[in-house]
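Encoded as structure tokens, the structure appears first; notes follow it.
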Amino acid sequence: QVQLVESGGGSVQAGGSLSLSCAASGSSWRTVCMGWFRQAPGKEREGVAGIAESGTTYAESVKGRFTISKDHAKNTLYLQMSMLKPEDTAMYYCAAREYCGNEYKYWGQGTQVTVSS
């Protein structure tokens with residue numbers, strides 16, 4: 001099994017920065033593909049960024065502002081967020097899957113990010 005534990009959320013003013021972390025326990029092969037998602041109140045969950053051996057992907061809304069990375073030795077996923085906007089306010093979730101073509105199988109409990117104007 002895999003457990004994902006996010007940390008690093010908080011409140012920041014628009015234009016500020018935050019860094020999220022997601023520590024994964026369990027076999028590293030189960031977390032080959034990982035990603036960050038977010039869900040704002042009243043809105044559907046959306047993908048923010050993903051990372052795999054083939055590279056990284058970003059939602060258009062965060063390109064140039066967010067950076068996803070992974071420390072393979074620590075099996076920890078990161079999301080560096082800069083130039084934050086009020087519309088980035090959401091619960092952020094870390095997710096993982098063994099195969100990039102499958103749906104995400106493992107999810108963290110989420111960490112809140114609030115950006116004030």
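Labels for the structure tokens follow display order: chains A, B, ..., residues from 1 in each chain, ligands from 1.
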Selection near A:Ala96, 7 Å with only C-alpha atoms, sequence-local residues under 2 positions removed, as an mmCIF file with N, CA, C and O atoms, in the first residue's frame:
```
data_model
loop_
_atom_site.group_PDB
_atom_site.id
_atom_site.type_symbol
_atom_site.label_atom_id
_atom_site.label_comp_id
_atom_site.auth_asym_id
_atom_site.auth_seq_id
_atom_site.Cartn_x
_atom_site.Cartn_y
_atom_site.Cartn_z
ATOM 1 N N THR A 31 4.688 4.547 -7.098
ATOM 2 C CA THR A 31 4.539 6.001 -7.235
ATOM 3 C C THR A 31 5.366 6.512 -8.414
ATOM 4 O O THR A 31 5.966 7.573 -8.342
ATOM 5 N N CYS A 33 4.273 7.511 -11.309
ATOM 6 C CA CYS A 33 3.625 8.715 -11.814
ATOM 7 C C CYS A 33 2.930 9.419 -10.655
ATOM 8 O O CYS A 33 2.138 8.810 -9.945
ATOM 9 N N MET A 34 3.225 10.676 -10.480
ATOM 10 C CA MET A 34 2.631 11.434 -9.389
ATOM 11 C C MET A 34 2.137 12.778 -9.905
ATOM 12 O O MET A 34 2.569 13.263 -10.954
ATOM 13 N N GLY A 35 1.237 13.360 -9.147
ATOM 14 C CA GLY A 35 0.707 14.639 -9.582
ATOM 15 C C GLY A 35 0.071 15.408 -8.455
ATOM 16 O O GLY A 35 -0.142 14.876 -7.357
ATOM 17 N N TYR A 104 -5.313 7.716 -11.293
ATOM 18 C CA TYR A 104 -4.587 7.814 -10.037
ATOM 19 C C TYR A 104 -5.253 6.931 -8.991
ATOM 20 O O TYR A 104 -6.475 6.937 -8.825
ATOM 21 N N LYS A 105 -4.411 6.177 -8.297
ATOM 22 C CA LYS A 105 -4.926 5.172 -7.357
ATOM 23 C C LYS A 105 -4.792 5.607 -5.908
ATOM 24 O O LYS A 105 -5.619 5.263 -5.070
ATOM 25 N N TYR A 106 -3.754 6.351 -5.612
ATOM 26 C CA TYR A 106 -3.471 6.731 -4.232
ATOM 27 C C TYR A 106 -3.594 8.251 -4.088
ATOM 28 O O TYR A 106 -3.107 9.005 -4.927
ATOM 29 N N TRP A 107 -4.231 8.663 -2.995
ATOM 30 C CA TRP A 107 -4.487 10.081 -2.766
ATOM 31 C C TRP A 107 -4.104 10.468 -1.342
ATOM 32 O O TRP A 107 -4.295 9.690 -0.411
#
```
- Item | Point-to-point distance in Å for atom CA of A:Ile68 and atom CA of A:Met83 | 14.9 Å
- Item | Contacts of A:Ala52 at 12 Å (only C-alpha atoms; same-chain gap of 5+ positions) as a PyMOL selection string | chain A and resi 29-35+57+68-72+77+96-101
Dump of N, CA, C and O atoms for the selected residues, as a tab-separated table (two decimals), in the first residue's frame:
```tsv
chain	number	residue	atom	x	y	z
A	29	TRP	N	7.98	1.86	-6.63
A	29	TRP	CA	7.45	1.55	-7.96
A	29	TRP	C	5.97	1.85	-8.06
A	29	TRP	O	5.43	2.00	-9.15
A	30	ARG	N	5.32	1.95	-6.92
A	30	ARG	CA	3.89	2.28	-6.92
A	30	ARG	C	3.65	3.77	-7.11
A	30	ARG	O	2.50	4.20	-7.24
A	31	THR	N	4.69	4.55	-7.10
A	31	THR	CA	4.54	6.00	-7.24
A	31	THR	C	5.37	6.51	-8.41
A	31	THR	O	5.97	7.57	-8.34
A	32	VAL	N	5.38	5.72	-9.48
A	32	VAL	CA	6.14	6.13	-10.66
A	32	VAL	C	5.59	7.42	-11.25
A	32	VAL	O	6.32	8.31	-11.64
A	33	CYS	N	4.27	7.51	-11.31
A	33	CYS	CA	3.63	8.71	-11.81
A	33	CYS	C	2.93	9.42	-10.66
A	33	CYS	O	2.14	8.81	-9.95
A	34	MET	N	3.23	10.68	-10.48
A	34	MET	CA	2.63	11.43	-9.39
A	34	MET	C	2.14	12.78	-9.90
A	34	MET	O	2.57	13.26	-10.95
A	35	GLY	N	1.24	13.36	-9.15
A	35	GLY	CA	0.71	14.64	-9.58
A	35	GLY	C	0.07	15.41	-8.45
A	35	GLY	O	-0.14	14.88	-7.36
A	57	THR	N	4.11	17.87	-16.70
A	57	THR	CA	3.00	18.53	-17.37
A	57	THR	C	2.38	19.52	-16.40
A	57	THR	O	2.43	19.33	-15.17
A	68	ILE	N	6.73	21.51	-10.48
A	68	ILE	CA	6.63	20.21	-9.81
A	68	ILE	C	7.98	19.53	-9.88
A	68	ILE	O	8.69	19.62	-10.90
A	69	SER	N	8.33	18.85	-8.80
A	69	SER	CA	9.59	18.11	-8.78
A	69	SER	C	9.45	16.94	-7.83
A	69	SER	O	8.51	16.88	-7.04
A	70	LYS	N	10.42	16.03	-7.92
A	70	LYS	CA	10.37	14.84	-7.07
A	70	LYS	C	11.77	14.46	-6.64
A	70	LYS	O	12.70	14.46	-7.44
A	71	ASP	N	11.90	14.18	-5.36
A	71	ASP	CA	13.14	13.65	-4.81
A	71	ASP	C	12.96	12.13	-4.73
A	71	ASP	O	12.25	11.63	-3.86
A	72	HIS	N	13.59	11.43	-5.65
A	72	HIS	CA	13.37	9.98	-5.73
A	72	HIS	C	13.95	9.26	-4.52
A	72	HIS	O	13.39	8.26	-4.06
A	77	LEU	N	7.30	14.25	-3.26
A	77	LEU	CA	6.86	15.12	-4.35
A	77	LEU	C	6.75	16.55	-3.85
A	77	LEU	O	6.35	16.77	-2.69
A	96	ALA	N	-0.86	9.50	-6.72
A	96	ALA	CA	0.16	8.63	-7.31
A	96	ALA	C	-0.49	7.42	-7.98
A	96	ALA	O	-1.61	7.03	-7.63
A	97	ARG	N	0.21	6.85	-8.92
A	97	ARG	CA	-0.25	5.65	-9.61
A	97	ARG	C	0.95	4.89	-10.11
A	97	ARG	O	2.02	5.48	-10.34
A	98	GLU	N	0.78	3.56	-10.27
A	98	GLU	CA	1.91	2.74	-10.71
A	98	GLU	C	2.17	2.89	-12.20
A	98	GLU	O	3.33	2.81	-12.64
A	99	TYR	N	1.12	3.09	-12.96
A	99	TYR	CA	1.25	3.18	-14.41
A	99	TYR	C	0.66	4.49	-14.89
A	99	TYR	O	-0.47	4.83	-14.55
A	100	CYS	N	1.39	5.20	-15.68
A	100	CYS	CA	0.97	6.54	-16.08
A	100	CYS	C	-0.31	6.54	-16.91
A	100	CYS	O	-1.00	7.55	-16.98
A	101	GLY	N	-0.63	5.42	-17.53
A	101	GLY	CA	-1.83	5.37	-18.33
A	101	GLY	C	-3.08	5.08	-17.55
A	101	GLY	O	-4.20	5.20	-18.08
```
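Taking atom CA of A:Gly50 and atom CA of A:Leu4 as the two end points, the separation is 15.1 Å.
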- Where in chain A does DSSP assign strand (DSSP E or B), given as a PyMOL selection string? chain A and resi 3-7+10-13+18-25+33-39+46-52+55-58+66-71+76-81+90-97+106-107+111-116
- Message: Env of A:Ala14: 9 Å cut, atoms = only C-alpha atoms, seq-sep filter 6 positions within chain, self excluded. Answer as a PyMOL selection string.
- Response: chain A and resi 83-86+115-117
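For A:Phe37, the list of residues within 6 Å, based on only C-alpha atoms and with local chain neighbours fewer than 2 positions off taken out, reads Glu46, Gly47, Val48, Tyr92 and Tyr93 of chain A.
The shortest atom-to-atom distance to A:Gly42, with only C-alpha atoms taken into account, belongs to A:Ala90 out of A:Ala90, A:Val113, A:Val62, A:Leu20.
You can rank A:Thr111, A:Gln1, A:Thr76, A:Ser82 by their closest distance to A:Leu18 using only C-alpha atoms, and at the top of that list sits A:Ser82.
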Could you pull out the residues in chain A that DSSP calls helix (DSSP H, G or I) from the backbone, as an mmCIF file with N, CA, C and O atoms, in the first residue's frame?
```
data_model
loop_
_atom_site.group_PDB
_atom_site.id
_atom_site.type_symbol
_atom_site.label_atom_id
_atom_site.label_comp_id
_atom_site.auth_asym_id
_atom_site.auth_seq_id
_atom_site.Cartn_x
_atom_site.Cartn_y
_atom_site.Cartn_z
ATOM 1 N N SER A 28 8.409 2.317 -3.951
ATOM 2 C CA SER A 28 8.550 3.452 -4.855
ATOM 3 C C SER A 28 8.007 3.152 -6.250
ATOM 4 O O SER A 28 7.593 4.068 -6.964
ATOM 5 N N TRP A 29 7.977 1.862 -6.626
ATOM 6 C CA TRP A 29 7.448 1.548 -7.957
ATOM 7 C C TRP A 29 5.971 1.851 -8.059
ATOM 8 O O TRP A 29 5.435 2.004 -9.151
ATOM 9 N N ARG A 30 5.317 1.951 -6.920
ATOM 10 C CA ARG A 30 3.886 2.276 -6.917
ATOM 11 C C ARG A 30 3.645 3.768 -7.114
ATOM 12 O O ARG A 30 2.499 4.198 -7.244
ATOM 13 N N THR A 31 4.688 4.547 -7.098
ATOM 14 C CA THR A 31 4.539 6.001 -7.235
ATOM 15 C C THR A 31 5.366 6.512 -8.414
ATOM 16 O O THR A 31 5.966 7.573 -8.342
ATOM 17 N N PRO A 86 -5.514 34.846 -6.161
ATOM 18 C CA PRO A 86 -6.665 34.413 -5.360
ATOM 19 C C PRO A 86 -7.360 33.190 -5.947
ATOM 20 O O PRO A 86 -7.859 32.347 -5.195
ATOM 21 N N GLU A 87 -7.354 33.059 -7.259
ATOM 22 C CA GLU A 87 -8.002 31.902 -7.888
ATOM 23 C C GLU A 87 -7.227 30.600 -7.699
ATOM 24 O O GLU A 87 -7.708 29.537 -8.074
ATOM 25 N N ASP A 88 -6.042 30.677 -7.113
ATOM 26 C CA ASP A 88 -5.295 29.463 -6.760
ATOM 27 C C ASP A 88 -5.765 28.882 -5.429
ATOM 28 O O ASP A 88 -5.333 27.794 -5.044
#
```
